Amino acid sequence: MRVAVIGTGPMAQGLCSLATRSGATSGNVEMRMCSRRAEKGSETFLEGLPLTPISSMRETLEWSEIVVLAVQASQIPAIVAEHGHLLVTRVVLDITNPSRADIDAIAAAARDPSPSPATSSSPGTTVIAVDCDRRPRDSAGSAYGGFPTAPAPALVVDRRPPDSAVDSAYGGFPAAPAPAPEAAEAAAKPAKLGLSSSQTSWVGSTASASASAAHALSALLSHAAEGSPVRVVKALNNVSAYALIHSDPLVDDIKTVAASDDANAAKLVRTLLEAMGVDCRVVPSLSYAVRMEGWHRGTFAEWQMPCWVMFVSLVLMWVFSAVRYNHYDHVPWYQATMWITNKALGWAGLWGLLYCYLPGMATTYAQLFRRTPTVRLWRWVQRWMEARKQLGLLSLLFVMLHLALSTYLWMPSYYTKLWQPTDVLGLGVGPAGKLDKYGMAPAASLPKQAIKLPASASAADATANATAAATAAGNLIARSAAAVSIRRRLNWQGEASMLVGILAGFSMLLTGLTSLPHITHRLNWGEWVLAQSWLGWFSFCAATAHTLILGITWWPTAATAWPAMIPTITLLSTAPCVIVIAGKLLLMSPPVAFALARIRAGVWGKASQLHAIYVSRHRSWCAQP
Ligand SMILES: NC(=O)c1ccc[n+]([C@@H]2O[C@H](COP(=O)([O-])OP(=O)(O)OC[C@H]3O[C@@H](n4cnc5c(N)ncnc54)[C@H](OP(=O)(O)O)[C@@H]3O)[C@@H](O)[C@H]2O)c1
């Protein structure tokens with residue numbers, strides 16, 4: 001298999017290096033790079049890649065069977081204009097990640113192609129595009145915790161055990177989202193391949209030239225081939241040059257997709273890539289290139305909405321806390337930096353968990369009241385369900401920051417009500433006979449007398465009592481300012497709230513860790529339910545208890561202690577959480593849980609509409625031209 005790689009950049013180097021390291025070049029794979037800078041007839045080598053010769057474009061392309069376009073997509077029109085007549089007879093592997101402008105430029109060139117030097121001499125070009133999706137299963141629609149990047153399931157039926165249903169944090173299954181029938185129909189075809197309705201433009205074999213760079217390239221080459229079929233394959237655009245250069249073909253797992261309208265061309269590319277140790281799946285349609293290239297253009301698509309929600313929540317909570325404490329309660333404004341921020345982080349972290357559990361629970365109640373296992377959800381609720389993993393992880397981040405800041409602020413002067421007053425010590429020093437000639441007493445030479453005072457004594461009382469006691473003993477108080485020391489211990493509120501707070505933080509951490517794809521994929525169903533549902537609920541309850549214990553003694557003091565009658569943060573933040581937890585407890589109560597299990601099993605209530613909807617989706621899929 002003779003492979004010409006156009007370009008000498010990182011991707012070209014990575015491919016050639018991988019071919020050598022994997023042993024592919026010891027078999028039937030021959031690799032050459034082509035560079036504009038190589039002189040005709042000469043053969044040079046790139047430093048570090050002595051086994052891959054670099055020669056001029058024309059002679060390398062003439063020699064090759066497969067051509068890899070390891071160039072920027074913007075260079076494609078120029079390359080096709082010059083070498084199109086050679087490309088049309090070869091399998092063209094497009095690994096580019098084009099911008100929208102690149103695609104438009106190639107499509108424009110395809111509409112108005114400049115004549116190729118030897119168009120007529122090279123009919124029958126095939127263009128192949130290969131695309132590698134390296135996203136973890138978790139984010140691409142995994143078996144357990146993940147959600148598709150832009151999923152559009154027309155109907156999801158909750159088959160989980162009743163006690164764990166619809167309530168997992170960090171990316172549990174959507175409970176039972178079922179959009180309107182027309183949405184289901186529209187989503188049916190892409191859903192079959194795990195795509196969202198926003199990514200459906202690739203569906204169908206008649207995608208326009210501007211759908212993707214691979215399509216535009218295919219159209220451009222078709223001109224050069226004078227209408228003969230071209231063999232373009234899209235692949236590898238999901239794999240980084242770093243992975244190609246540094247991975248170990250023996251142990252590392254590089255995955256990609258080879259998409260092409262020409263099945264044989266795609267299979268040829270798969271054979272090549274598999275010889276190099278790359279796990280390659282063939283998709284028999286170049287239309288899939290739309291998704292492959294679109295994936296590259298998106299930036300943290302599934303994180304954007306959850307990040308906004310959590311960020312806006314944090315800002316609103318910070319503003320509320322600053323107004324309540326700094327403005328109305330006259331706390332110094334400089335404390336808005338850390339003390340107030342810490343309150344807002346804790347509040348936002350707690351409500352992040354609330355955001356995770358609320359939609360699932362609401363859906364379960366909808367199942368219960370409608371007595372059907374399939375519930376139609378509004379689109380925004382469905383998106384909310386899909387974002388639970390990200391919301392859970394962001395809430396974990398906030399809680400960890402809250403723990404770190406609280407550690408710094410953890411002192412009686414900040415959290416006075418969590419510490420119990422203990423005995424106050426006064427310190428008397430003397431005697432007068434030890435004074436020096438200036439009437440001063442060297443501190444080190446003075447005996448010290450500790451005077452124990454009642455717990456209720458203030459610092460001023462301690463000083464006065466120490467002075468009196470020392471004077472009575474014939475001593476001289478030389479430095480009364482140093483005569484007071486106060487020691488305190490946590491009271492029951494402090495101990496209990498810290499315990500459950502730390503338990504909440506670390507159990508959240510465990511739940512978050514089990515959402516990592518490498519761990520998720522090793523969990524069986526029961527383990528996943530334990531980590532994502534039960535442990536997650538435990539974190540939520542513990543975090544609520546932490547906040548509740550912190551503030552509950554202040555709630556009855558509204559009339560006197562609440563500035564401008566604004567409720568405390570602990571009251572505002574825990575009230576909705578307590579309601580959700582009570583709702584969950586009700587669902588777990590034996591009669592309700594029994595009823596829910598029967599509804600989900602289809603024994604009681606209305607039968608599931610799943611079969612009818614599934615059949616209609618299948619029909620509409622088949623009916624597509
Ligand atoms: N870098 C990545 O991690 C990565 C990952 C996935 C996909 N990709 C895609 O892979 C492609 C190559 O990436 P790269 O990082 O290797 O790019 P690069 O560093 O820009 O290298 C491109 C190479 O193309 C050659 N070239 C430029 N214009 C040319 C022209 N008109 N005719 C012939 N050759 C030309 C140049 O080699 P000479 O000067 O020697 O001719 C240059 O070294 C890009 O489309 C990129 O989107 C990159």
# chains A, B, ... in the order shown; residues from 1 in each chain; ligands from 1

$ residues_near_ligand --ligand "ligand 1" --cutoff "6 Å" --atoms "only C-alpha atoms and all ligand atoms" --output "PDB file with N, CA and C atoms, in the first residue's frame"
ATOM      1  N   ILE A   6       0.620  14.513   1.987  1.00  0.00           N
ATOM      2  CA  ILE A   6       0.925  15.888   1.560  1.00  0.00           C
ATOM      3  C   ILE A   6       1.069  16.754   2.796  1.00  0.00           C
ATOM      4  N   GLY A   7       2.244  17.341   2.934  1.00  0.00           N
ATOM      5  CA  GLY A   7       2.509  18.180   4.102  1.00  0.00           C
ATOM      6  C   GLY A   7       3.615  17.577   4.946  1.00  0.00           C
ATOM      7  N   THR A   8       4.266  18.448   5.694  1.00  0.00           N
ATOM      8  CA  THR A   8       5.333  17.984   6.578  1.00  0.00           C
ATOM      9  C   THR A   8       5.114  18.503   8.010  1.00  0.00           C
ATOM     10  N   GLY A   9       3.884  18.897   8.293  1.00  0.00           N
ATOM     11  CA  GLY A   9       3.572  19.440   9.616  1.00  0.00           C
ATOM     12  C   GLY A   9       3.405  18.338  10.651  1.00  0.00           C
ATOM     13  N   PRO A  10       2.916  18.692  11.834  1.00  0.00           N
ATOM     14  CA  PRO A  10       2.787  17.721  12.929  1.00  0.00           C
ATOM     15  C   PRO A  10       1.945  16.505  12.572  1.00  0.00           C
ATOM     16  N   MET A  11       0.836  16.701  11.861  1.00  0.00           N
ATOM     17  CA  MET A  11      -0.008  15.548  11.520  1.00  0.00           C
ATOM     18  C   MET A  11       0.703  14.609  10.558  1.00  0.00           C
ATOM     19  N   ALA A  12       1.366  15.188   9.571  1.00  0.00           N
ATOM     20  CA  ALA A  12       2.112  14.357   8.619  1.00  0.00           C
ATOM     21  C   ALA A  12       3.218  13.600   9.346  1.00  0.00           C
ATOM     22  N   SER A  35       6.514  17.515  -0.062  1.00  0.00           N
ATOM     23  CA  SER A  35       6.646  18.903   0.375  1.00  0.00           C
ATOM     24  C   SER A  35       6.877  19.795  -0.825  1.00  0.00           C
ATOM     25  N   ARG A  36       6.322  21.008  -0.708  1.00  0.00           N
ATOM     26  CA  ARG A  36       6.565  21.980  -1.788  1.00  0.00           C
ATOM     27  C   ARG A  36       8.041  22.322  -1.851  1.00  0.00           C
ATOM     28  N   ARG A  37       8.706  22.108  -0.705  1.00  0.00           N
ATOM     29  CA  ARG A  37      10.110  22.531  -0.648  1.00  0.00           C
ATOM     30  C   ARG A  37      11.064  21.469  -1.175  1.00  0.00           C
ATOM     31  N   ALA A  70      -2.625  16.169   4.659  1.00  0.00           N
ATOM     32  CA  ALA A  70      -2.227  16.678   5.982  1.00  0.00           C
ATOM     33  C   ALA A  70      -1.836  18.141   5.856  1.00  0.00           C
ATOM     34  N   VAL A  71      -2.732  18.914   5.284  1.00  0.00           N
ATOM     35  CA  VAL A  71      -2.511  20.361   5.094  1.00  0.00           C
ATOM     36  C   VAL A  71      -3.697  21.099   5.684  1.00  0.00           C
ATOM     37  N   GLN A  72      -3.557  22.396   5.841  1.00  0.00           N
ATOM     38  CA  GLN A  72      -4.703  23.174   6.292  1.00  0.00           C
ATOM     39  C   GLN A  72      -5.769  23.136   5.192  1.00  0.00           C
ATOM     40  N   ALA A  73      -7.041  23.103   5.617  1.00  0.00           N
ATOM     41  CA  ALA A  73      -8.130  22.988   4.641  1.00  0.00           C
ATOM     42  C   ALA A  73      -8.118  24.143   3.642  1.00  0.00           C
ATOM     43  N   GLN A  75      -5.787  25.262   2.085  1.00  0.00           N
ATOM     44  CA  GLN A  75      -4.852  25.006   0.991  1.00  0.00           C
ATOM     45  C   GLN A  75      -5.404  24.025  -0.048  1.00  0.00           C
ATOM     46  N   ALA A  78      -5.911  25.207  -3.785  1.00  0.00           N
ATOM     47  CA  ALA A  78      -4.642  25.381  -4.514  1.00  0.00           C
ATOM     48  C   ALA A  78      -4.041  24.035  -4.889  1.00  0.00           C
ATOM     49  N   ILE A  79      -4.106  23.085  -3.948  1.00  0.00           N
ATOM     50  CA  ILE A  79      -3.518  21.768  -4.225  1.00  0.00           C
ATOM     51  C   ILE A  79      -4.295  21.055  -5.334  1.00  0.00           C
ATOM     52  N   ILE A  95      -8.026  14.633   6.287  1.00  0.00           N
ATOM     53  CA  ILE A  95      -7.959  14.633   7.760  1.00  0.00           C
ATOM     54  C   ILE A  95      -8.123  16.048   8.308  1.00  0.00           C
ATOM     55  N   THR A  96      -8.562  16.972   7.474  1.00  0.00           N
ATOM     56  CA  THR A  96      -8.566  18.386   7.886  1.00  0.00           C
ATOM     57  C   THR A  96      -9.702  18.698   8.856  1.00  0.00           C
ATOM     58  N   ASN A  97      -9.463  19.695   9.643  1.00  0.00           N
ATOM     59  CA  ASN A  97     -10.500  20.271  10.507  1.00  0.00           C
ATOM     60  C   ASN A  97     -10.769  21.691  10.011  1.00  0.00           C
ATOM     61  N   ASN A 237      -9.539  13.231  11.748  1.00  0.00           N
ATOM     62  CA  ASN A 237      -9.550  14.632  12.183  1.00  0.00           C
ATOM     63  C   ASN A 237      -9.843  14.753  13.677  1.00  0.00           C
ATOM     64  N   ASN A 238     -10.231  13.643  14.310  1.00  0.00           N
ATOM     65  CA  ASN A 238     -10.485  13.690  15.750  1.00  0.00           C
ATOM     66  C   ASN A 238      -9.239  13.318  16.558  1.00  0.00           C
ATOM     67  N   VAL A 239      -8.186  12.919  15.879  1.00  0.00           N
ATOM     68  CA  VAL A 239      -6.976  12.484  16.588  1.00  0.00           C
ATOM     69  C   VAL A 239      -5.958  13.619  16.545  1.00  0.00           C
ATOM     70  N   SER A 240      -5.358  13.896  17.684  1.00  0.00           N
ATOM     71  CA  SER A 240      -4.393  14.997  17.707  1.00  0.00           C
ATOM     72  C   SER A 240      -3.030  14.517  17.217  1.00  0.00           C
ATOM     73  N   ALA A 241      -2.275  15.461  16.729  1.00  0.00           N
ATOM     74  CA  ALA A 241      -0.915  15.137  16.289  1.00  0.00           C
ATOM     75  C   ALA A 241      -0.108  14.623  17.478  1.00  0.00           C
TER      76      ALA A 241
END

$ residues_around --residues "Gly27 of chain A" --least-positions-apart "5" --cutoff "12 Å" --atoms "only C-alpha atoms" --output "list in words"
Met1, Arg2, Ala19, Thr20, Arg21, Ser22, Leu272, Ala275 and Met276 of chain A

$ residues_around --residues "Ala543 of chain A" --least-positions-apart "2" --cutoff "12 Å" --atoms "only C-alpha atoms" --output "VMD selection string"
chain A and resid 346 to 354 395 to 396 399 402 to 403 496 to 508 536 to 541 545 to 550 570 573 to 574 577 to 578 581

$ closest_residue --among "A:Leu345, A:Ser17, A:Ala362, A:Ala564" --to "Tyr325 of chain A" --atoms "only C-alpha atoms"
A:Ala564

$ select_by_dssp --residues "segment 226-274 of chain A" --states "strand (DSSP E or B)" --output "list in words"
Arg231, Val232, Val233, Lys234, Ile254, Lys255, Thr256, Val257, Ala258 and Ala259 of chain A

$ select_by_dssp --residues "segment 231-362 of chain A" --states "helix (DSSP H, G or I)" --output "ChimeraX atom specification"
/A:241-246,263-275,288-297,301-328,333-336,339-362

$ closest_residue --among "A:Val315, A:Ala531, A:Met292, A:Ala105" --to "Leu513 of chain A" --atoms "only C-alpha atoms"
A:Ala531

$ residues_around --residues "segment 51-54 of chain A" --least-positions-apart "5" --cutoff "8 Å" --atoms "only C-alpha atoms" --output "PDB file with C-alpha atoms, in the first residue's frame"
ATOM      1  CA  CYS A  16       4.634   8.683   9.346  1.00  0.00           C
ATOM      2  CA  THR A  20       7.106   3.247  11.542  1.00  0.00           C
ATOM      3  CA  MET A  31       4.936   5.979   3.382  1.00  0.00           C
ATOM      4  CA  ARG A  32       6.296   9.089   1.714  1.00  0.00           C
ATOM      5  CA  MET A  33       5.834  12.724   2.502  1.00  0.00           C
ATOM      6  CA  CYS A  34       5.519  15.400  -0.132  1.00  0.00           C
ATOM      7  CA  SER A  35       6.646  18.903   0.375  1.00  0.00           C
ATOM      8  CA  ALA A  38      11.452  19.181  -1.859  1.00  0.00           C
ATOM      9  CA  GLU A  43      14.852  12.547  -1.623  1.00  0.00           C
ATOM     10  CA  THR A  44      15.424  14.032   1.809  1.00  0.00           C
ATOM     11  CA  PHE A  45      14.463  13.007   5.320  1.00  0.00           C
ATOM     12  CA  LEU A  46      12.985  14.963   8.165  1.00  0.00           C
TER      13      LEU A  46
END

$ residues_around --residues "Leu220 of chain A" --least-positions-apart "6" --cutoff "10 Å" --atoms "only C-alpha atoms" --output "ChimeraX atom specification"
/A:76-77,80-81,84,88,106-114,209,214,230
